Amino acid sequence: MNKFILYSILCLLFLGCNKNANKQFDVLSPDKSGIHFSNTLKDTLGQNILDYLYYYNGGGVAIGDINNDNLPDIFFTSNQQKNKLYINKGNLQFEDISFNAKIEGENTWSTGVAMADVNNDGLLDIYVCAVVGINGFVGSNELFINNGDLTFTESANAYGLDFDNYSSSATFFDYDLDGDLDMYLLNHAIHSEESFGKASIRNNRTYESGDKLLKNNNGKFVDVSEEAGIYGGANGYGLGLAISDFNADGFPDIYVSNDFHEDDYYYLNNGNGTFTETLKTHFGHVSKFSMGNDAADVNNDGFPDLITLDMLPEDEKVLKSSAGDDNIQIQNLRIKQYGYHYQYARNMLQINQNGGSFTETALMSNLAATDWSWSPLIADFNQDAKQDIFIANGIPKRPNDLDYIKYISNSQVKKKMETTNLIDKEALNFMPDGKLKNNFFEGDSDLKFNNKTQDWVSQNATYSTGSAYGDLDNDGDLDIITNNINAPASIYINTTNASKNYLKLKFKYTNKNRFGIGAKAIIYHKNKLQSKELYVQRGFQSSSQPILHFGLDSIKTIDSIKVIWPNKTFQTLKNVASNQTLDVSIDNPKAHDYKVATTNNHSVFNLEEDNLGINYTHSENNYIDSNRNKLIPYQISDRGPALAIGDLNNDGKADLYLGNGKHNASEIYLQNESGFIKFEDSLLTKQALIEDNSAIISDFNNDNSNDLLVASGGGEFFGKSKALQNNLYTTANNSLQALPFPEGFEDTSVIKAMDYDADGDLDVFVGNASMSNDFGNSPKSYILENNKGTFSKKSLGKLGMVRDAIWTDFNNDNKQDLIVVGEWMQPLFLENTNGEFIDKSSNYISNPLNGLWRAIIPFDIDGDGDLDYLLGNWGTNSKFKASEAFPMLMYYSDFDNNNKTETLLAIEKNGVYYPQEGLDELSSQLVSLTKKKFTTYKDFAGKPINQVFDEAVLNKATTLKVHTLASGFLRNTNGKFKFVPFNNQLQVSPINCFTKLKISGKEQVLCAGNYFGVKPYHGRFDGFLGALIQNENEIKLGNTLGLNFFNKAVTKLDTITINNKQYLIAVIHNEAIQIYQIQ
Amino acid sequence: MKLFKFIKYNKIIAILTISMLLHSCNTKQEPIDITANDFYNGVDLVTQIMVHDIFSPPVASRIYAYPNIAAFEIIAQNDSAYKSLAGQLKGLKPIPKANSKDVNLKVAALVAHMELSKSLVFSEEKVIQYRDSLYNIWSNKNLKQFEASKDYGLQVVKSLKTWIDVDNYHQTRTMHKYNVDADNPSRWQPTPPAYMDGIEPHWKKIRTLVLDSASQYKPVPPPEFSLKKDSQFYKELLEVYNVSQDITQKGDTSKEIEIAQFWDCNPYVSVTRGHLMFATKKITPGAHWIGITKIACKKSDYDFEEAVYAFTKTSIAIFDGFISCWDEKYRSNLIRPETLINQHIDETWKPILQTPPFPEYTSGHSVVSGAASTVLTTIFGDNYSFDDDTEVPYGLPIRSFASFNKAAEEAAVSRLYGGIHYRAAIDEGLTQGRKVGNLVANNVKMK
């Protein structure tokens, strides 16, 4: 024992000497700072997690200089105790003046805090939110007007802000640009939604839980929510509030994060005092249990991006013992029947695409899983000119622990119900603790963030809720404060100091908005820009120092700064020195033109509104692969439809064949003088059952008229289902007639025609993707050799799960070879050797390169004169993870010996492979192997795959691998190929298709993607906008060129010439076709 | 904590082994007395484990039936009062005969019962703990007899397993899930608050014990789905709503609410308080009737063999009852009143009981109560009054009934009071169950 103490002292001494050497942040101890504030919770009748659902949400922090001595002061809200105000005395010493300042508050339960100069006297006032009206909570929201002598007068009533409802937080901003500060009050419902209820409940205003927009009418705040279009329903669980001019029109917009199944709200400011909520049209999906948020430009494009927090854990032990995502059918029910949007339980980083839609990248950006998270702050903490992200997290009790829910709560809760209304300590103690270290992410390039939690600070785990930043010691860098439950507040002192440069901007705007809330600054240096807006309500229930801070790395002088004022004027400052706090007053500003930022100057693609008469919508039947095969990693039945272009009626004009989903007839459109007309044929209706994946229009029987070859498949049909048979039709007599064609019952994904044996007729490569009810197995692919119109099969063996292929002469021997790509396989280089196709891949690619390849196209992307090959893959914005060192694994076997095969996915985390699925999912398919072995979730959670399943069970399985998920290209260097991934803009979704097109005489490649055939565990891949690849360095996203691919799964792209004009055809899964004229 | 237990457990084993060794030198030859209580305790244990492990009602019926059948087959072989079920239950062949005079058939029956129960539940360790304490007692009393009986019991289990293993249970585990199709207005869809998947959509594929097929007693179809005010279906829908409003007004102490809660028998009621979720767990409808069987056996002072007989026959009826019922449930796939009332009548309405996660028609509790009560009536007679204290461990009171049939009728109508079934599912369910019960009572000759 003595030894232990001695050792501990030595340790402490050692630490004391070493004092966080080289750490980005030092934690300031309460004894040094004088800040002993702790948000201490004491369970009482009515105040406990059973009686108040947000009992663990904690308090907020506000940082601002309340006595104008240039030292930012700190205010904390305490849920149950007195609020605290600490005056900054310099040297990181603070004094508690709360009592004398008369600012401790009278409320039973305080929540968020906002600082603003509400009465326009140049002094920061403090607004404190409260929950009032349940469980005996009394009081009202309080407005502490700063008297200027370190005392405050509570005056909420005089300003019309004394709400006695369920408030989370509030923010002051000028929404109508009339010059004064209005207020948004964020409220939350307090009841438990046991049933979904329709989303439209949000239209019925309720005082207690509905959000409120309050217009400042000469110092009196008036509720204008209704006429302004702000929802105020009983299902609003508002926890996060961000104000930002998201669409860059000069009018501040509002993003509200709602907890539970209520959607978040994205209010675009109409500029006339009203807002339009447009979440569904601008976001593909959002956080489900949305908590705090922050809006700031993280990718230096001038548009504010958005982070919203949720509760997905990274730690396998927590992850696999916590309640997971909805199942897919419930998701669909909630969306289709109840009118909600797609929501998934993880943090989201929403990248603003030029003020239009948002592309969500948190998985790719490494930000998705920070466990029970409350408050994000985006700022450049290490001043390297790239935005970093701080995340405060932790919860005293994890109520979503599955063992607690299923096995422990029963007896414990019953005990409570029988005895008292107070959940007893014992019952609570069965819920696991959720103490966590606050997370630090260092911004990297290309939308990446690196977790620096361990490197940047030595800290204890806490339950941190509200957080704010400010420069507490005036050394130029940003410090962070968190409000902690049952522990002193954490104060992180930034040690960047003089090692990197900075600039702080402090605005002196008009009398009614002295701090310049809503002002925006764009700084330009070395051809790069950084942009920030001054809104202080950030993170969660908290308010940061009202300054703008820029990290400048080694830049000494900034080329220019554009300051855009809230009144839509701007002024430019040139050659500004770094490392100073610059006071900026409004000075001879000019009108700012907002349109410049959002207008795309060179629209390449123009949507044909009437689609040239093509009234085609792809319609997939509602089949869920995982209902039948519960462990399948993604859908295999939804990859169509087919698109073929060619002259079907011998009039010299190209016509269209468009496949369709099960029970929906394929369609043919014939080109005429003005556009297209639909060609009706009873055979199409008769064959409606078929799912067409690929088609070719060409003359297969050399009768000088084109035929139509259609390949069908889909994971839904099995055995010798007629719907799996590929068909060849002639259109010789103005109607479709089937021609004899070899039998084949595979799930065909691609057909590619080529006269590879140079005998004058077209042969066909037939690539097959999957085996129905036997996912993981490989079907055989083959070549159909054409002998004067009669086809014979030439098997290529089990190539893998083929998705695409091209005929190409990769060895320059003037014979057409094949490159075949697919899922869980590497690109196969099949050399045409005297009519036989020999796999010579290893001669061409040296590194293992299995992917979930979906598309390939030849293109000289590096302009060196030889053909490279562009490859579409799954993308890296996914819960899948793969690398050469740690490939993603899929075990395939009949694990439980019931004559039915299954697949098990294993993904590496910190060098260990874990099953992707949780215990419930695994036992839904493999009950005999799992449920008896693991009778609690705790036993299962954190177990590597080889402990979940015996080695013997895994060893008998076939192991499939994926080494890379990135889309990219194979660079041709003297006939050898090396894979080069595209940049991250092209990794946000699977890339499904490519097409070549000529723009301004230059051949370029357009790619498109997105995919929805995954479980809610993955979410949706909806944010890829298409990209035009001119060369490896010049890639432009589709939205800047006139394409509208947001939230659309584009499966086929092709071009067609109509009246000598080039058009782009985009076939979209489950949606109407799009046709663009190419400029 | 666990490690500590483990060490302690090992110690016990060590002591046991030593004491057993000592005993073998000085072998006792006391008879091992087995009473009906020993059997009740074993069944009760299985019930508790099933509550913990959360088995759905159909699966629970299977976990009761097979161990009971094993115990019965063992005691039936040497007792002329009882007839083996071999040849009477689908596919069941005679079990191997005990070929040692040392075998105590009651011990062997309990061994088989425990062993099969262990293999059918998830939390095996609880059975093992209980089993080992009994083994300890028995081996102390008469090691030779115990060993012989145990060996024989396990032999029977092994032989029965070949029969049990081909009842299609394992295949049905991996069959496809119920397809939710919200566009079809009459089709069942998951219900609040947990919106669980439809459970056991393939239960009709489980091999029946006595029924010739799952659809032998296929009930008449439910009233045709219609939301027209004058349709029978809508009237029944409205009845659920009105009855519920009515009795809610009367308050928690009303007779109807007491009845609804008494017969809830929902193994997993999930409760949500914000992010806090928990479950209240109770026994299944089948388990409730197993409980009533015990009450009757005790009241009639049944001996071990009689008790095993009564339990076995009742659990056979319950087993086939669930198959018959589930066959219809996933034939008609009828939507629950909660969904329709929320959609068309009252958005905020919540049933008094939580809607269980499977289609509405016919009512499972009604079918099973009909089947079990019919069999119990043939065993114990009609107008057999009893005090039902089955639900006392779950915080519910004792209710008294004049007969099994009366209890079954109350169980059936409790689903209307609870707001989870329409009238037709209750009436037709009871009829369907009674047919199953009669078939078992009349065709299965166990005495």
# chains A, B, ... in the order shown; residues from 1 in each chain; ligands from 1

call {"tool": "interface_residues", "arguments": {"of": "chain A", "to": "chain B", "cutoff": "6 Å", "atoms": "only C-alpha atoms", "output": "MDAnalysis selection string"}}
result
chainID A and resid 53 192 194:195 399 405 409:410 627:628 925 932

call {"tool": "write_last_selection", "arguments": {"atoms": "N, CA and C atoms", "output": "JSON list (two decimals), in the first residue's frame"}}
result
[["chain", "number", "residue", "atom", "x", "y", "z"],
["A", 53, "LEU", "N", -37.39, 13.78, -19.19],
["A", 53, "LEU", "CA", -36.56, 13.04, -20.15],
["A", 53, "LEU", "C", -35.24, 13.71, -20.43],
["A", 192, "SER", "N", -42.94, 11.60, -23.84],
["A", 192, "SER", "CA", -42.34, 10.56, -24.66],
["A", 192, "SER", "C", -43.28, 10.21, -25.79],
["A", 194, "GLU", "N", -44.77, 7.77, -27.85],
["A", 194, "GLU", "CA", -44.83, 6.30, -27.88],
["A", 194, "GLU", "C", -45.19, 5.83, -29.28],
["A", 195, "SER", "N", -45.96, 6.63, -29.99],
["A", 195, "SER", "CA", -46.20, 6.29, -31.39],
["A", 195, "SER", "C", -45.74, 7.46, -32.24],
["A", 399, "PRO", "N", -29.15, 5.26, -20.93],
["A", 399, "PRO", "CA", -30.46, 4.61, -20.84],
["A", 399, "PRO", "C", -30.74, 3.70, -22.03],
["A", 405, "ILE", "N", -32.37, -2.49, -20.88],
["A", 405, "ILE", "CA", -33.72, -2.45, -21.43],
["A", 405, "ILE", "C", -34.38, -3.83, -21.35],
["A", 409, "SER", "N", -34.03, -3.94, -16.44],
["A", 409, "SER", "CA", -35.00, -2.92, -16.06],
["A", 409, "SER", "C", -36.26, -3.53, -15.47],
["A", 410, "ASN", "N", -36.66, -4.68, -15.95],
["A", 410, "ASN", "CA", -37.94, -5.27, -15.56],
["A", 410, "ASN", "C", -38.15, -5.25, -14.06],
["A", 627, "ASN", "N", -35.05, -8.94, -45.95],
["A", 627, "ASN", "CA", -36.16, -9.67, -45.34],
["A", 627, "ASN", "C", -35.98, -11.17, -45.54],
["A", 628, "ARG", "N", -35.34, -11.51, -46.65],
["A", 628, "ARG", "CA", -35.14, -12.92, -46.92],
["A", 628, "ARG", "C", -33.77, -13.38, -46.44],
["A", 925, "GLN", "N", -30.59, -14.56, -37.97],
["A", 925, "GLN", "CA", -30.28, -15.53, -39.02],
["A", 925, "GLN", "C", -29.57, -16.76, -38.45],
["A", 932, "LYS", "N", -27.44, -18.73, -27.52],
["A", 932, "LYS", "CA", -27.06, -19.50, -26.34],
["A", 932, "LYS", "C", -25.68, -19.10, -25.85]]

call {"tool": "select_by_dssp", "arguments": {"residues": "stretch 81-296 of chain B", "states": "helix (DSSP H, G or I)", "output": "ChimeraX atom specification"}}
result
/B:105-120,124-164,169-173,203-205,232-250,255-262,285-296

call {"tool": "write_last_selection", "arguments": {"atoms": "C-alpha atoms", "output": "JSON list (two decimals), in the first residue's frame"}}
result
[["chain", "number", "residue", "atom", "x", "y", "z"],
["B", 105, "LEU", "CA", -38.47, -43.52, -13.76],
["B", 106, "LYS", "CA", -39.53, -40.37, -11.93],
["B", 107, "VAL", "CA", -35.93, -39.30, -11.58],
["B", 108, "ALA", "CA", -35.35, -40.15, -15.22],
["B", 109, "ALA", "CA", -38.45, -38.12, -16.17],
["B", 110, "LEU", "CA", -37.17, -35.09, -14.30],
["B", 111, "VAL", "CA", -33.69, -35.51, -15.79],
["B", 112, "ALA", "CA", -35.16, -35.62, -19.27],
["B", 113, "HIS", "CA", -37.42, -32.67, -18.53],
["B", 114, "MET", "CA", -34.53, -30.53, -17.32],
["B", 115, "GLU", "CA", -32.19, -31.59, -20.06],
["B", 116, "LEU", "CA", -34.64, -30.85, -22.85],
["B", 117, "SER", "CA", -35.68, -27.58, -21.25],
["B", 118, "LYS", "CA", -32.03, -26.61, -21.07],
["B", 119, "SER", "CA", -31.56, -27.25, -24.75],
["B", 120, "LEU", "CA", -34.64, -25.20, -25.68],
["B", 124, "GLU", "CA", -28.82, -22.62, -19.86],
["B", 125, "GLU", "CA", -26.81, -21.80, -16.77],
["B", 126, "LYS", "CA", -29.98, -21.33, -14.76],
["B", 127, "VAL", "CA", -31.15, -24.84, -15.57],
["B", 128, "ILE", "CA", -27.68, -26.20, -14.89],
["B", 129, "GLN", "CA", -27.57, -24.59, -11.47],
["B", 130, "TYR", "CA", -30.93, -26.03, -10.54],
["B", 131, "ARG", "CA", -30.15, -29.41, -12.05],
["B", 132, "ASP", "CA", -26.83, -29.73, -10.23],
["B", 133, "SER", "CA", -28.41, -29.04, -6.88],
["B", 134, "LEU", "CA", -30.94, -31.82, -7.52],
["B", 135, "TYR", "CA", -28.24, -34.16, -8.81],
["B", 136, "ASN", "CA", -26.33, -33.52, -5.63],
["B", 137, "ILE", "CA", -29.25, -34.49, -3.45],
["B", 138, "TRP", "CA", -30.12, -37.54, -5.48],
["B", 139, "SER", "CA", -26.57, -38.84, -5.70],
["B", 140, "ASN", "CA", -26.23, -38.49, -1.99],
["B", 141, "LYS", "CA", -29.31, -40.53, -1.43],
["B", 142, "ASN", "CA", -28.67, -43.30, -3.86],
["B", 143, "LEU", "CA", -25.84, -42.89, -6.26],
["B", 144, "LYS", "CA", -26.46, -46.08, -8.16],
["B", 145, "GLN", "CA", -30.12, -45.37, -8.74],
["B", 146, "PHE", "CA", -29.35, -41.75, -9.64],
["B", 147, "GLU", "CA", -26.67, -42.67, -12.15],
["B", 148, "ALA", "CA", -28.85, -45.27, -13.83],
["B", 149, "SER", "CA", -31.83, -42.91, -13.97],
["B", 150, "LYS", "CA", -29.75, -40.05, -15.24],
["B", 151, "ASP", "CA", -28.19, -42.17, -17.96],
["B", 152, "TYR", "CA", -31.58, -43.36, -19.01],
["B", 153, "GLY", "CA", -33.12, -39.88, -18.93],
["B", 154, "LEU", "CA", -30.34, -38.59, -21.16],
["B", 155, "GLN", "CA", -30.76, -41.55, -23.48],
["B", 156, "VAL", "CA", -34.43, -40.67, -23.90],
["B", 157, "VAL", "CA", -33.54, -37.05, -24.57],
["B", 158, "LYS", "CA", -31.11, -38.13, -27.23],
["B", 159, "SER", "CA", -33.71, -40.27, -28.89],
["B", 160, "LEU", "CA", -36.42, -37.59, -28.69],
["B", 161, "LYS", "CA", -34.09, -34.97, -30.08],
["B", 162, "THR", "CA", -34.03, -36.70, -33.42],
["B", 163, "TRP", "CA", -37.79, -36.23, -33.45],
["B", 164, "ILE", "CA", -37.76, -32.67, -32.15],
["B", 169, "TYR", "CA", -38.18, -25.01, -36.00],
["B", 170, "HIS", "CA", -34.62, -24.45, -37.18],
["B", 171, "GLN", "CA", -35.65, -23.86, -40.76],
["B", 172, "THR", "CA", -38.27, -21.33, -39.74],
["B", 173, "ARG", "CA", -35.64, -19.30, -37.85],
["B", 203, "TRP", "CA", -44.99, -20.73, -37.31],
["B", 204, "LYS", "CA", -47.63, -22.61, -39.31],
["B", 205, "LYS", "CA", -44.77, -24.57, -40.79],
["B", 232, "GLN", "CA", -69.50, -5.11, -39.94],
["B", 233, "PHE", "CA", -65.77, -4.54, -39.83],
["B", 234, "TYR", "CA", -66.09, -0.87, -39.06],
["B", 235, "LYS", "CA", -68.69, -1.58, -36.41],
["B", 236, "GLU", "CA", -66.31, -3.92, -34.70],
["B", 237, "LEU", "CA", -63.50, -1.39, -35.01],
["B", 238, "LEU", "CA", -65.67, 1.25, -33.44],
["B", 239, "GLU", "CA", -66.67, -1.18, -30.71],
["B", 240, "VAL", "CA", -63.02, -1.54, -29.69],
["B", 241, "TYR", "CA", -62.73, 2.22, -29.50],
["B", 242, "ASN", "CA", -65.99, 2.78, -27.66],
["B", 243, "VAL", "CA", -65.43, 0.00, -25.17],
["B", 244, "SER", "CA", -62.01, 1.37, -24.46],
["B", 245, "GLN", "CA", -63.27, 4.94, -23.99],
["B", 246, "ASP", "CA", -66.03, 3.64, -21.82],
["B", 247, "ILE", "CA", -63.93, 1.63, -19.44],
["B", 248, "THR", "CA", -61.16, 4.21, -19.32],
["B", 249, "GLN", "CA", -63.78, 6.58, -17.99],
["B", 250, "LYS", "CA", -64.73, 4.06, -15.35],
["B", 255, "LYS", "CA", -63.91, -4.77, -13.70],
["B", 256, "GLU", "CA", -62.99, -4.59, -17.37],
["B", 257, "ILE", "CA", -59.60, -3.04, -16.80],
["B", 258, "GLU", "CA", -58.84, -5.56, -14.08],
["B", 259, "ILE", "CA", -59.73, -8.34, -16.48],
["B", 260, "ALA", "CA", -57.66, -6.85, -19.29],
["B", 261, "GLN", "CA", -54.61, -6.51, -17.10],
["B", 262, "PHE", "CA", -55.00, -9.89, -15.48],
["B", 285, "PRO", "CA", -50.81, -16.95, -22.49],
["B", 286, "GLY", "CA", -49.59, -20.54, -22.69],
["B", 287, "ALA", "CA", -47.64, -20.12, -19.47],
["B", 288, "HIS", "CA", -50.73, -18.79, -17.76],
["B", 289, "TRP", "CA", -52.65, -21.94, -18.63],
["B", 290, "ILE", "CA", -49.70, -24.07, -17.53],
["B", 291, "GLY", "CA", -50.02, -22.18, -14.25],
["B", 292, "ILE", "CA", -53.72, -23.00, -14.06],
["B", 293, "THR", "CA", -52.89, -26.64, -14.72],
["B", 294, "LYS", "CA", -50.63, -26.61, -11.70],
["B", 295, "ILE", "CA", -53.33, -25.02, -9.58],
["B", 296, "ALA", "CA", -55.79, -27.75, -10.56]]

call {"tool": "atom_distance", "arguments": {"atom1": "atom CA of A:Phe221", "atom2": "atom CA of A:Ser467"}}
result
27.1 Å

call {"tool": "residues_around", "arguments": {"residues": "A:Ile636", "least_positions_apart": "2", "cutoff": "12 Å", "atoms": "only C-alpha atoms", "output": "PyMOL selection string"}}
result
chain A and resi 623-626+628-629+632-634+638-640+691+693+713-717+747-749+768-776+801-803+823+1011-1014

call {"tool": "residues_around", "arguments": {"residues": "stretch 656-671 of chain A", "least_positions_apart": "6", "cutoff": "7 Å", "atoms": "only C-alpha atoms", "output": "ChimeraX atom specification"}}
result
/A:614,618-621,641-646,677-679,684-685,687-692

call {"tool": "write_last_selection", "arguments": {"atoms": "C-alpha atoms", "output": "compact mmCIF listing (two decimals), in the first residue's frame"}}
result
# COMPACT_ATOMS: atom_id res chain seq x y z
CA ILE A 614 -40.02 10.74 -72.99
CA HIS A 618 -38.27 3.81 -63.49
CA SER A 619 -40.29 1.95 -60.93
CA GLU A 620 -38.69 -0.60 -58.62
CA ASN A 621 -40.94 -3.00 -56.76
CA PRO A 641 -32.69 -0.47 -65.13
CA ALA A 642 -31.24 -1.09 -68.55
CA LEU A 643 -30.67 1.67 -71.08
CA ALA A 644 -29.92 1.09 -74.75
CA ILE A 645 -29.66 3.61 -77.54
CA GLY A 646 -29.82 2.73 -81.21
CA ILE A 677 -42.90 9.01 -79.13
CA LYS A 678 -43.60 5.90 -77.16
CA PHE A 679 -43.65 2.64 -79.09
CA LEU A 684 -43.22 -5.45 -73.50
CA THR A 685 -46.31 -5.72 -71.32
CA GLN A 687 -42.53 -9.39 -70.14
CA ALA A 688 -43.26 -6.89 -67.36
CA LEU A 689 -42.14 -9.31 -64.67
CA ILE A 690 -38.57 -9.11 -65.85
CA GLU A 691 -36.06 -6.78 -64.22
CA ASP A 692 -33.79 -5.52 -66.98

call {"tool": "closest_residue", "arguments": {"among": "B:Phe322, B:Tyr330, B:Tyr66, B:Tyr384", "to": "B:Ser366", "atoms": "only C-alpha atoms"}}
result
B:Phe322

call {"tool": "residues_around", "arguments": {"residues": "B:Cys297", "least_positions_apart": "2", "cutoff": "10 Å", "atoms": "only C-alpha atoms", "output": "PyMOL selection string"}}
result
chain B and resi 36+40+291-295+299-304+306-308+310-311+379-380

call {"tool": "residues_around", "arguments": {"residues": "A:Met364", "least_positions_apart": "4", "cutoff": "8 Å", "atoms": "only C-alpha atoms", "output": "JSON, numbers by chain"}}
result
{"A": [447, 448, 876, 877, 878, 988]}

call {"tool": "atom_distance", "arguments": {"atom1": "atom CA of A:His592", "atom2": "atom CA of A:Phe507"}}
result
17.8 Å

call {"tool": "residues_around", "arguments": {"residues": "A:Lys1048", "least_positions_apart": "6", "cutoff": "8 Å", "atoms": "only C-alpha atoms", "output": "ChimeraX atom specification"}}
result
/A:1009-1011,1022,1068-1069,1071

call {"tool": "write_last_selection", "arguments": {"atoms": "N, CA and C atoms", "output": "PDB file, in the first residue's frame"}}
result
ATOM      1  N   GLY A1009     -23.669   8.744 -59.532  1.00  0.00           N
ATOM      2  CA  GLY A1009     -23.833   7.651 -58.585  1.00  0.00           C
ATOM      3  C   GLY A1009     -24.983   7.885 -57.631  1.00  0.00           C
ATOM      4  N   ASN A1010     -24.735   7.570 -56.360  1.00  0.00           N
ATOM      5  CA  ASN A1010     -25.694   7.520 -55.247  1.00  0.00           C
ATOM      6  C   ASN A1010     -26.368   6.150 -55.227  1.00  0.00           C
ATOM      7  N   TYR A1011     -26.740   5.737 -54.034  1.00  0.00           N
ATOM      8  CA  TYR A1011     -27.312   4.402 -53.886  1.00  0.00           C
ATOM      9  C   TYR A1011     -28.083   4.322 -52.571  1.00  0.00           C
ATOM     10  N   ASP A1022     -26.622   9.692 -50.787  1.00  0.00           N
ATOM     11  CA  ASP A1022     -27.494  10.565 -51.577  1.00  0.00           C
ATOM     12  C   ASP A1022     -26.840  11.868 -52.018  1.00  0.00           C
ATOM     13  N   ILE A1068     -32.444   7.193 -63.791  1.00  0.00           N
ATOM     14  CA  ILE A1068     -32.378   7.301 -62.340  1.00  0.00           C
ATOM     15  C   ILE A1068     -33.254   6.235 -61.708  1.00  0.00           C
ATOM     16  N   HIS A1069     -32.679   5.534 -60.746  1.00  0.00           N
ATOM     17  CA  HIS A1069     -33.394   4.453 -60.090  1.00  0.00           C
ATOM     18  C   HIS A1069     -34.629   4.995 -59.396  1.00  0.00           C
ATOM     19  N   GLU A1071     -36.992   6.809 -60.351  1.00  0.00           N
ATOM     20  CA  GLU A1071     -37.403   8.186 -60.634  1.00  0.00           C
ATOM     21  C   GLU A1071     -37.527   8.396 -62.133  1.00  0.00           C
TER      22      GLU A1071
END

call {"tool": "atom_distance", "arguments": {"atom1": "atom CA of A:Leu377", "atom2": "atom CA of A:Phe390"}}
result
5.1 Å

call {"tool": "select_by_dssp", "arguments": {"residues": "stretch 457-506 of chain A", "states": "strand (DSSP E or B)", "output": "list of chain:residue names"}}
result
A:Thr462, A:Ser464, A:Thr465, A:Gly466, A:Ser467, A:Ala468, A:Tyr469, A:Gly470, A:Asp479, A:Ile480, A:Ile481, A:Thr482, A:Asn483, A:Asn484, A:Ile485, A:Pro488, A:Ser490, A:Ile491, A:Tyr492, A:Ile493, A:Asn494, A:Asn501, A:Tyr502, A:Leu503, A:Lys504, A:Leu505, A:Lys506

call {"tool": "closest_residue", "arguments": {"among": "A:Pro981, A:Gly122, A:Gly918, A:Gly355", "to": "A:Tyr869", "atoms": "only C-alpha atoms"}}
result
A:Pro981
